[in-house]
>>> print(open('model27.cif').read())   # mmCIF, C-alpha atoms
data_query
loop_
_atom_site.label_atom_id
_atom_site.label_comp_id
_atom_site.auth_asym_id
_atom_site.auth_seq_id
_atom_site.Cartn_x
_atom_site.Cartn_y
_atom_site.Cartn_z
CA MET A 1 131.51 -49.29 -113.98
CA SER A 2 131.40 -50.76 -117.46
CA VAL A 3 128.34 -52.64 -118.72
CA THR A 4 130.31 -54.96 -121.03
CA PRO A 5 130.07 -57.96 -118.63
CA TYR A 6 126.30 -57.57 -118.57
CA ILE A 7 126.16 -57.59 -122.36
CA VAL A 8 128.38 -60.68 -122.52
CA LEU A 9 126.19 -62.45 -119.93
CA SER A 10 123.15 -61.54 -121.99
CA ALA A 11 124.79 -63.02 -125.10
CA ILE A 12 125.61 -66.25 -123.25
CA LEU A 13 122.05 -66.60 -121.96
CA PHE A 14 120.65 -65.89 -125.42
CA THR A 15 122.87 -68.58 -126.94
CA ILE A 16 121.82 -71.12 -124.31
CA GLY A 17 118.16 -70.32 -125.01
CA CYS A 18 118.79 -70.68 -128.74
CA VAL A 19 120.41 -74.12 -128.38
CA GLY A 20 117.58 -75.16 -126.06
CA VAL A 21 114.93 -74.27 -128.64
CA LEU A 22 116.79 -76.34 -131.24
CA THR A 23 117.51 -79.41 -129.12
CA ARG A 24 114.65 -79.92 -126.67
CA ARG A 25 111.58 -81.94 -127.71
CA ASN A 26 109.04 -81.00 -125.05
CA ALA A 27 107.02 -78.01 -126.29
CA ILE A 28 106.82 -76.49 -122.81
CA VAL A 29 110.59 -76.59 -122.34
CA VAL A 30 110.99 -75.06 -125.81
CA PHE A 31 108.75 -72.24 -124.60
CA MET A 32 110.86 -71.80 -121.48
CA CYS A 33 113.94 -71.44 -123.68
CA VAL A 34 112.16 -68.76 -125.73
CA GLU A 35 111.45 -66.96 -122.44
CA LEU A 36 115.14 -67.26 -121.58
CA MET A 37 116.06 -65.59 -124.89
CA LEU A 38 113.58 -62.77 -124.26
CA ASN A 39 114.98 -62.27 -120.77
CA ALA A 40 118.53 -62.16 -122.13
CA SER A 41 117.58 -59.45 -124.61
CA ASN A 42 115.88 -57.54 -121.77
CA LEU A 43 119.11 -57.61 -119.80
CA ALA A 44 120.98 -56.16 -122.78
CA LEU A 45 118.35 -53.41 -123.16
CA VAL A 46 118.55 -52.43 -119.49
CA ALA A 47 122.36 -52.53 -119.56
CA PHE A 48 122.46 -50.23 -122.59
CA ALA A 49 119.99 -47.89 -120.90
CA HIS A 50 122.42 -47.69 -118.00
CA GLN A 51 125.32 -47.11 -120.39
CA ASN A 52 123.67 -44.30 -122.28
CA GLY A 53 121.98 -42.61 -119.35
CA ASN A 54 118.44 -42.53 -120.70
CA LEU A 55 115.38 -44.59 -119.91
CA ASP A 56 114.28 -45.64 -123.40
CA GLY A 57 115.97 -49.02 -122.97
CA GLN A 58 113.96 -49.70 -119.82
CA ILE A 59 110.75 -48.79 -121.66
CA ALA A 60 111.70 -51.22 -124.44
CA ALA A 61 112.34 -53.97 -121.86
CA PHE A 62 108.93 -53.21 -120.36
CA PHE A 63 107.25 -53.69 -123.74
CA VAL A 64 109.18 -56.93 -124.30
CA MET A 65 107.78 -58.19 -120.99
CA VAL A 66 104.22 -57.34 -122.05
CA VAL A 67 104.63 -59.10 -125.39
CA ALA A 68 106.23 -62.12 -123.66
CA ALA A 69 103.27 -62.39 -121.29
CA ALA A 70 100.80 -62.34 -124.19
CA GLU A 71 102.91 -64.85 -126.14
CA VAL A 72 103.09 -67.27 -123.23
CA VAL A 73 99.34 -67.13 -122.63
CA VAL A 74 98.47 -67.92 -126.25
CA GLY A 75 101.32 -70.43 -126.68
CA LEU A 76 100.42 -72.44 -123.60
CA ALA A 77 96.78 -72.47 -124.67
CA ILE A 78 97.87 -73.91 -128.03
CA ILE A 79 100.02 -76.54 -126.28
CA MET A 80 97.01 -77.46 -124.10
CA THR A 81 94.80 -77.84 -127.17
CA ILE A 82 97.37 -79.99 -128.98
CA PHE A 83 97.88 -82.11 -125.87
CA ARG A 84 94.14 -82.62 -125.52
CA THR A 85 93.79 -84.02 -129.04
CA ARG A 86 97.13 -85.85 -129.37
CA ARG A 87 97.97 -86.78 -125.73
CA SER A 88 101.51 -85.57 -126.27
CA ALA A 89 103.44 -82.34 -125.70
CA SER A 90 106.29 -83.23 -128.03
CA VAL A 91 107.07 -80.80 -130.83
CA ASP A 92 107.80 -83.66 -133.23
CA ASP A 93 104.39 -85.28 -132.97
CA ALA A 94 102.42 -82.36 -134.41
CA SER A 95 103.60 -82.74 -137.99
CA LEU A 96 100.38 -83.28 -139.96
CA LEU A 97 100.70 -80.01 -141.89
CA LYS A 98 103.83 -81.42 -143.53
CA TYR A 99 101.92 -83.87 -145.69
CA MET B 1 129.53 -55.31 -109.60
CA ILE B 2 129.74 -57.79 -106.69
CA ALA B 3 126.12 -58.76 -107.28
CA PHE B 4 126.95 -59.39 -110.93
CA TRP B 5 129.95 -61.64 -110.29
CA VAL B 6 127.99 -63.61 -107.69
CA LEU B 7 124.87 -64.02 -109.80
CA ALA B 8 126.33 -64.46 -113.30
CA PRO B 9 127.78 -67.96 -112.69
CA ILE B 10 124.55 -69.03 -110.96
CA MET B 11 122.52 -67.80 -113.91
CA VAL B 12 124.71 -69.50 -116.52
CA ILE B 13 124.68 -72.80 -114.59
CA ALA B 14 120.90 -72.65 -114.12
CA ALA B 15 120.40 -71.82 -117.80
CA LEU B 16 122.62 -74.73 -118.82
CA GLY B 17 120.59 -76.88 -116.46
CA ILE B 18 117.46 -76.07 -118.46
CA LEU B 19 119.17 -77.69 -121.45
CA PHE B 20 120.08 -80.88 -119.65
CA VAL B 21 117.44 -81.73 -117.02
CA ARG B 22 114.99 -84.42 -118.05
CA LYS B 23 111.87 -83.26 -116.23
CA ALA B 24 110.07 -80.13 -117.36
CA VAL B 25 109.25 -79.15 -113.76
CA HIS B 26 112.96 -78.95 -112.94
CA ALA B 27 113.50 -76.79 -116.02
CA ALA B 28 110.76 -74.44 -114.78
CA LEU B 29 112.40 -74.14 -111.36
CA LEU B 30 115.81 -73.45 -112.92
CA LEU B 31 114.16 -70.78 -115.09
CA ALA B 32 112.82 -69.23 -111.88
CA VAL B 33 116.40 -69.03 -110.56
CA VAL B 34 117.52 -67.25 -113.75
CA MET B 35 114.62 -64.81 -113.59
CA MET B 36 115.08 -63.92 -109.92
CA SER B 37 118.79 -63.32 -110.51
CA LEU B 38 117.92 -61.15 -113.49
CA ALA B 39 115.63 -59.10 -111.27
CA VAL B 40 118.53 -58.43 -108.89
CA LEU B 41 120.74 -57.43 -111.83
CA TYR B 42 118.05 -54.94 -112.90
CA LEU B 43 118.30 -53.41 -109.44
CA ALA B 44 122.06 -53.16 -109.85
CA LEU B 45 121.49 -51.42 -113.21
CA GLU B 46 119.29 -48.77 -111.56
CA ALA B 47 115.98 -50.13 -112.85
CA PRO B 48 113.87 -50.60 -109.67
CA PHE B 49 110.60 -50.58 -111.59
CA LEU B 50 111.73 -53.40 -113.88
CA PHE B 51 113.02 -55.24 -110.80
CA ALA B 52 109.50 -55.32 -109.37
CA VAL B 53 107.87 -56.05 -112.73
CA GLN B 54 110.30 -58.88 -113.42
CA ILE B 55 109.44 -60.58 -110.14
CA ILE B 56 105.70 -59.96 -110.37
CA VAL B 57 105.13 -60.65 -114.06
CA TYR B 58 107.80 -63.24 -114.87
CA THR B 59 108.36 -65.17 -111.69
CA GLY B 60 104.87 -64.57 -110.35
CA ALA B 61 102.62 -64.84 -113.37
CA ILE B 62 104.41 -66.45 -116.31
CA LEU B 63 106.23 -69.16 -114.37
CA MET B 64 103.11 -70.00 -112.39
CA LEU B 65 101.31 -70.37 -115.72
CA PHE B 66 104.09 -72.71 -116.89
CA LEU B 67 103.80 -74.80 -113.73
CA PHE B 68 100.03 -74.84 -114.01
CA VAL B 69 100.16 -76.14 -117.58
CA LEU B 70 102.80 -78.68 -116.51
CA MET B 71 100.38 -80.00 -113.92
CA LEU B 72 97.80 -80.55 -116.67
CA VAL B 73 100.11 -81.69 -119.45
CA GLY B 74 103.21 -82.96 -117.69
CA VAL B 75 102.32 -86.64 -117.56
CA ASP B 76 104.66 -87.52 -120.41
CA ALA B 77 106.84 -84.51 -119.75
CA SER B 78 110.19 -86.22 -120.17
CA ASP B 79 111.91 -85.71 -123.49
CA SER B 80 112.39 -88.57 -125.89
CA VAL B 81 116.00 -89.17 -126.83
CA VAL B 82 115.19 -90.35 -130.35
CA GLU B 83 116.15 -87.81 -132.99
CA THR B 84 113.67 -87.15 -135.78
CA ILE B 85 116.23 -85.43 -137.97
CA LYS B 86 119.49 -87.35 -137.92
CA GLY B 87 122.35 -85.46 -136.28
CA GLN B 88 120.16 -82.46 -135.52
CA ARG B 89 121.22 -82.27 -131.89
CA VAL B 90 124.94 -82.30 -132.68
CA ILE B 91 124.56 -79.71 -135.45
CA ALA B 92 122.45 -77.49 -133.16
CA ILE B 93 125.03 -77.65 -130.36
CA VAL B 94 127.95 -76.94 -132.73
CA LEU B 95 126.14 -74.03 -134.37
CA GLY B 96 125.13 -72.74 -130.95
CA LEU B 97 128.73 -72.84 -129.76
CA ILE B 98 129.90 -70.98 -132.88
CA PHE B 99 127.12 -68.41 -132.47
CA GLY B 100 127.88 -67.94 -128.78
CA ALA B 101 131.62 -67.65 -129.36
CA THR B 102 131.07 -65.06 -132.09
CA LEU B 103 128.74 -63.00 -129.92
CA VAL B 104 130.91 -63.16 -126.82
CA LEU B 105 134.18 -62.44 -128.66
CA GLY B 106 132.60 -59.61 -130.65
CA LEU B 107 130.92 -58.02 -127.67
CA GLY B 108 133.97 -58.57 -125.47
CA GLN B 109 135.98 -56.33 -127.79
CA LEU B 110 133.55 -53.45 -127.47
CA THR B 111 134.93 -50.42 -125.70
CA LEU B 112 131.84 -48.68 -124.40
CA GLY B 113 133.73 -46.44 -122.00
CA THR B 114 132.45 -45.66 -118.55
CA ALA B 115 128.69 -45.91 -118.22
CA VAL B 116 126.84 -42.62 -117.95
CA GLY B 117 124.57 -44.01 -115.23
CA LEU B 118 120.97 -43.10 -114.61
CA GLU B 119 121.31 -40.67 -111.69
CA LYS B 120 120.32 -37.76 -113.93
CA ALA B 121 117.65 -39.65 -115.89
CA ASN B 122 116.13 -41.05 -112.70
CA GLU B 123 115.93 -37.63 -111.06
CA GLY B 124 112.69 -37.41 -109.09
CA GLY B 125 112.17 -41.17 -109.11
CA ASN B 126 112.58 -43.95 -111.65
CA ILE B 127 108.87 -44.72 -111.82
CA GLU B 128 107.92 -41.06 -112.38
CA ARG B 129 110.43 -40.67 -115.23
CA LEU B 130 109.33 -43.97 -116.80
CA ALA B 131 105.72 -42.83 -116.57
CA ASP B 132 106.65 -39.53 -118.27
CA LEU B 133 108.12 -41.49 -121.19
CA LEU B 134 105.43 -44.17 -121.27
CA PHE B 135 102.52 -41.74 -121.34
CA GLY B 136 104.38 -39.17 -123.40
CA ARG B 137 106.56 -40.34 -126.23
CA TYR B 138 105.47 -43.99 -126.15
CA VAL B 139 101.77 -43.48 -125.48
CA PHE B 140 100.71 -44.93 -128.84
CA ALA B 141 102.76 -48.10 -128.29
CA PHE B 142 101.26 -48.33 -124.82
CA GLU B 143 97.73 -48.11 -126.21
CA THR B 144 98.54 -50.78 -128.79
CA THR B 145 99.73 -53.01 -125.95
CA SER B 146 96.25 -52.99 -124.46
CA ALA B 147 94.83 -54.26 -127.75
CA LEU B 148 97.50 -56.99 -127.77
CA LEU B 149 96.65 -58.07 -124.23
CA ILE B 150 92.91 -58.17 -124.93
CA THR B 151 93.55 -60.25 -128.06
CA ALA B 152 95.78 -62.63 -126.11
CA ALA B 153 93.19 -63.06 -123.35
CA VAL B 154 90.39 -63.73 -125.84
CA GLY B 155 92.64 -66.07 -127.84
CA ALA B 156 93.58 -68.07 -124.76
CA MET B 157 89.92 -68.38 -123.77
CA VAL B 158 88.91 -69.54 -127.25
CA LEU B 159 91.77 -72.04 -127.48
CA ALA B 160 91.42 -73.48 -123.99
CA HIS B 161 87.62 -73.68 -124.06
CA ARG B 162 86.21 -77.09 -124.88
CA GLU B 163 82.80 -77.24 -126.48
CA ARG B 164 80.59 -80.05 -125.13
CA ILE B 165 79.17 -81.72 -128.21
CA GLU B 166 77.09 -84.42 -126.53
CA PRO B 167 74.99 -84.06 -123.35
CA ARG B 168 76.56 -85.07 -120.06
CA GLU B 169 76.00 -88.70 -119.11
CA THR B 170 73.51 -88.94 -116.22
CA GLN B 171 73.98 -91.22 -113.23
CA ALA B 172 71.26 -93.62 -114.44
CA GLU B 173 72.94 -93.85 -117.83
CA ILE B 174 76.32 -94.56 -116.23
CA ALA B 175 74.76 -97.37 -114.16
CA ALA B 176 73.03 -98.84 -117.21
CA ARG B 177 76.26 -98.68 -119.24
CA ARG B 178 78.26 -100.41 -116.50
CA MET B 179 75.72 -103.23 -116.18
CA ARG B 180 75.65 -103.63 -119.98
CA GLU B 181 79.46 -103.85 -120.04
CA TYR B 182 79.29 -106.41 -117.23
CA ALA B 183 76.84 -108.51 -119.22
CA GLU B 184 78.85 -108.24 -122.45
CA THR B 185 82.50 -108.31 -121.40
CA GLY B 186 82.38 -109.22 -117.74
CA ALA B 187 83.98 -105.93 -116.65
CA HIS B 188 83.59 -105.30 -112.93
CA PRO B 189 80.60 -102.95 -112.47
CA GLY B 190 81.59 -101.60 -109.06
CA PRO B 191 84.14 -98.92 -108.17
CA LEU B 192 87.85 -99.48 -108.73
CA PRO B 193 89.86 -100.95 -105.84
CA ALA B 194 91.48 -98.47 -103.46
CA PRO B 195 95.29 -98.20 -103.48
CA GLY B 196 97.30 -99.67 -100.67
CA VAL B 197 94.89 -102.41 -99.60
CA PHE B 198 96.93 -105.26 -98.02
CA ALA B 199 100.08 -103.49 -99.24
CA ARG B 200 102.83 -102.21 -97.00
CA HIS B 201 101.75 -98.54 -97.29
CA ASN B 202 98.38 -96.97 -97.93
CA ALA B 203 99.93 -94.21 -100.06
CA VAL B 204 98.21 -93.47 -103.39
CA ASP B 205 101.22 -94.67 -105.39
CA THR B 206 101.25 -98.13 -103.80
CA PRO B 207 99.01 -100.59 -105.67
CA ALA B 208 96.67 -102.82 -103.69
CA LEU B 209 97.74 -106.45 -103.43
CA LEU B 210 95.63 -109.25 -104.83
CA PRO B 211 95.25 -112.47 -102.80
CA ASP B 212 98.21 -114.02 -104.61
CA GLY B 213 100.43 -111.07 -103.72
CA SER B 214 100.54 -109.50 -107.18
CA PRO B 215 99.74 -105.77 -107.48
CA ALA B 216 96.27 -104.68 -108.71
CA GLU B 217 96.98 -102.33 -111.64
CA ALA B 218 93.50 -100.77 -111.50
CA SER B 219 93.99 -99.50 -107.95
CA ILE B 220 96.40 -96.66 -108.85
CA SER B 221 96.01 -93.66 -111.11
CA ARG B 222 97.38 -94.18 -114.61
CA VAL B 223 99.36 -90.96 -114.15
CA PHE B 224 101.71 -92.76 -111.77
CA ALA B 225 102.22 -95.53 -114.29
CA ALA B 226 103.02 -92.96 -117.00
CA ARG B 227 105.49 -91.17 -114.72
CA GLY B 228 107.03 -94.45 -113.66
CA THR B 229 106.69 -93.67 -109.94
CA VAL B 230 104.65 -96.71 -108.95
CA ARG B 231 105.98 -98.38 -105.82
CA SER B 232 106.57 -101.98 -106.60
CA ALA B 233 104.68 -103.97 -103.97
CA PRO B 234 106.39 -107.35 -104.60
CA ALA B 235 109.77 -105.66 -104.22
CA ASP B 236 108.64 -104.29 -100.87
CA VAL B 237 107.48 -107.74 -99.81
CA LYS B 238 110.85 -109.20 -100.78
CA ALA B 239 112.65 -106.55 -98.74
CA ILE B 240 110.50 -107.34 -95.74
CA GLN B 241 111.05 -111.06 -96.14
CA ALA B 242 114.78 -110.45 -96.32
CA MET B 243 114.57 -108.44 -93.12
CA VAL B 244 112.45 -111.08 -91.39
CA THR B 245 114.87 -113.86 -92.29
CA GLY B 246 117.58 -111.70 -90.74
CA VAL B 247 115.64 -111.72 -87.44
CA SER B 248 117.09 -115.07 -86.39
CA THR B 249 120.60 -113.60 -86.51
CA SER B 250 119.88 -110.16 -85.01
CA SER B 251 116.61 -110.22 -83.11
CA THR B 252 117.37 -107.02 -81.19
CA ASP B 253 117.22 -104.84 -84.31
CA GLY B 254 114.32 -102.37 -83.93
CA GLU B 255 113.80 -102.04 -87.65
CA THR B 256 113.29 -105.74 -88.26
CA ALA B 257 110.79 -105.88 -85.42
CA GLU B 258 108.91 -103.03 -87.08
CA ALA B 259 109.00 -104.86 -90.41
CA GLU B 260 107.64 -107.92 -88.71
CA GLU B 261 104.76 -105.88 -87.39
CA ASP B 262 104.13 -104.49 -90.85
CA GLN B 263 103.89 -107.95 -92.28
CA GLN B 264 101.44 -109.04 -89.66
#
>>> encode(input="model27.cif", output="structure tokens")
Amino acid sequence: MSVTPYIVLSAILFTIGCVGVLTRRNAIVVFMCVELMLNASNLALVAFAHQNGNLDGQIAAFFVMVVAAAEVVVGLAIIMTIFRTRRSASVDDASLLKY
Amino acid sequence: MIAFWVLAPIMVIAALGILFVRKAVHAALLLAVVMMSLAVLYLALEAPFLFAVQIIVYTGAILMLFLFVLMLVGVDASDSVVETIKGQRVIAIVLGLIFGATLVLGLGQLTLGTAVGLEKANEGGNIERLADLLFGRYVFAFETTSALLITAAVGAMVLAHRERIEPRETQAEIAARRMREYAETGAHPGPLPAPGVFARHNAVDTPALLPDGSPAEASISRVFAARGTVRSAPADVKAIQAMVTGVSTSSTDGETAEAEEDQQ
């Protein structure tokens, strides 16, 4: 069994996540696309662990999951705070730092 | 490999769906599909521990957090179609296609050979071997993770906590304010009208009808108005009237009889 299809699937998912981050406006959906990219990289890590016959890739995927959990918690709290003050979850509305 | 060829198209379609659905809740559910399928793929790649962690942490915790925040924030959850930067969407899609094609073509040409497999590495149990690594070679990274998680928890609490700057309004103050508003602007001092009064349904999304048949805007939550899911009472009335006028031609129809009852 070759792991190349898994790697290609991971690349496709990563690309979809990337395009989603660039095109969607809703901050929560942008976050979901970031999660999709992290998941795609996890799949590649696990597939390479299977290819090489050692478990370091699975450990790396485990750490990615931990960091993703922390990132989501803080990110959603920031979105909540922005929504509370601006009544909007759009990434384009929070642009005051530009001026 | 059967699991892969079954799940891969589902995952790609669900992931593409995240790009195109309008409502954020639907995107969250499609993300759940992708994550559950990923968990099964982990099982196929001999990673039973990550299979369980993927379901518990991602689908269980992170997605529930997303849905929870959507419940609080999701009132205006639909995306606006207006572009802030002109042509950004087209450029992003073109660049994404180029990036994806490069990745897929490049990776497709890799010759990795047959996979070694994890039978030897998983000897004595996948979880035991992972624990050996985690608390052996990677113990420092593991300890750092705990600091990261504590920081994230404290950060979320600080960000989500709202400081009350003025004291809470007491019941007597609320009554006094309402009577003052009544005296100054004529605003109704009593409670808001209940939804569904004199309307066809008593559901919360059906506005109460005023004596002239027009809907009372104050009787429904403004969330429904923002989501655009308010049932239009006059439209319902028109439908009923249309049905009732049809009675003369087909009086045996059970549905029209029911509509007649409703109108009474």
>>> residues_around(input="model27.cif", residues="range 31-47 of chain A", least_positions_apart="2", cutoff="8 Å", atoms="only C-alpha atoms", output="JSON, numbers by chain")
{"A": [3, 6, 7, 9, 10, 11, 13, 14, 15, 16, 17, 18, 20, 21, 27, 28, 29, 49, 50, 51, 57, 58, 60, 61, 64, 68, 72, 75], "B": [15, 18, 27, 28, 31, 35, 38, 42, 45, 47]}
>>> interface_residues(input="model27.cif", of="chain B", to="chain A", cutoff="7 Å", atoms="only C-alpha atoms", output="MDAnalysis selection string")
chainID B and resid 8 12 15:16 19 24 27 45 62 73 76:77 79:80 89 92:93 96 99:100 103:104 107:108 113:118 121 130 149 152 155:156 159:160
>>> atom_distance(input="model27.cif", atom1="CA of Thr206 in chain B", atom2="CA of Ser219 in chain B")
8.5 Å
>>> atom_distance(input="model27.cif", atom1="CA of Thr245 in chain B", atom2="CA of Gly213 in chain B")
18.6 Å
>>> atom_distance(input="model27.cif", atom1="CA of Leu95 in chain B", atom2="CA of Met11 in chain B")
21.7 Å
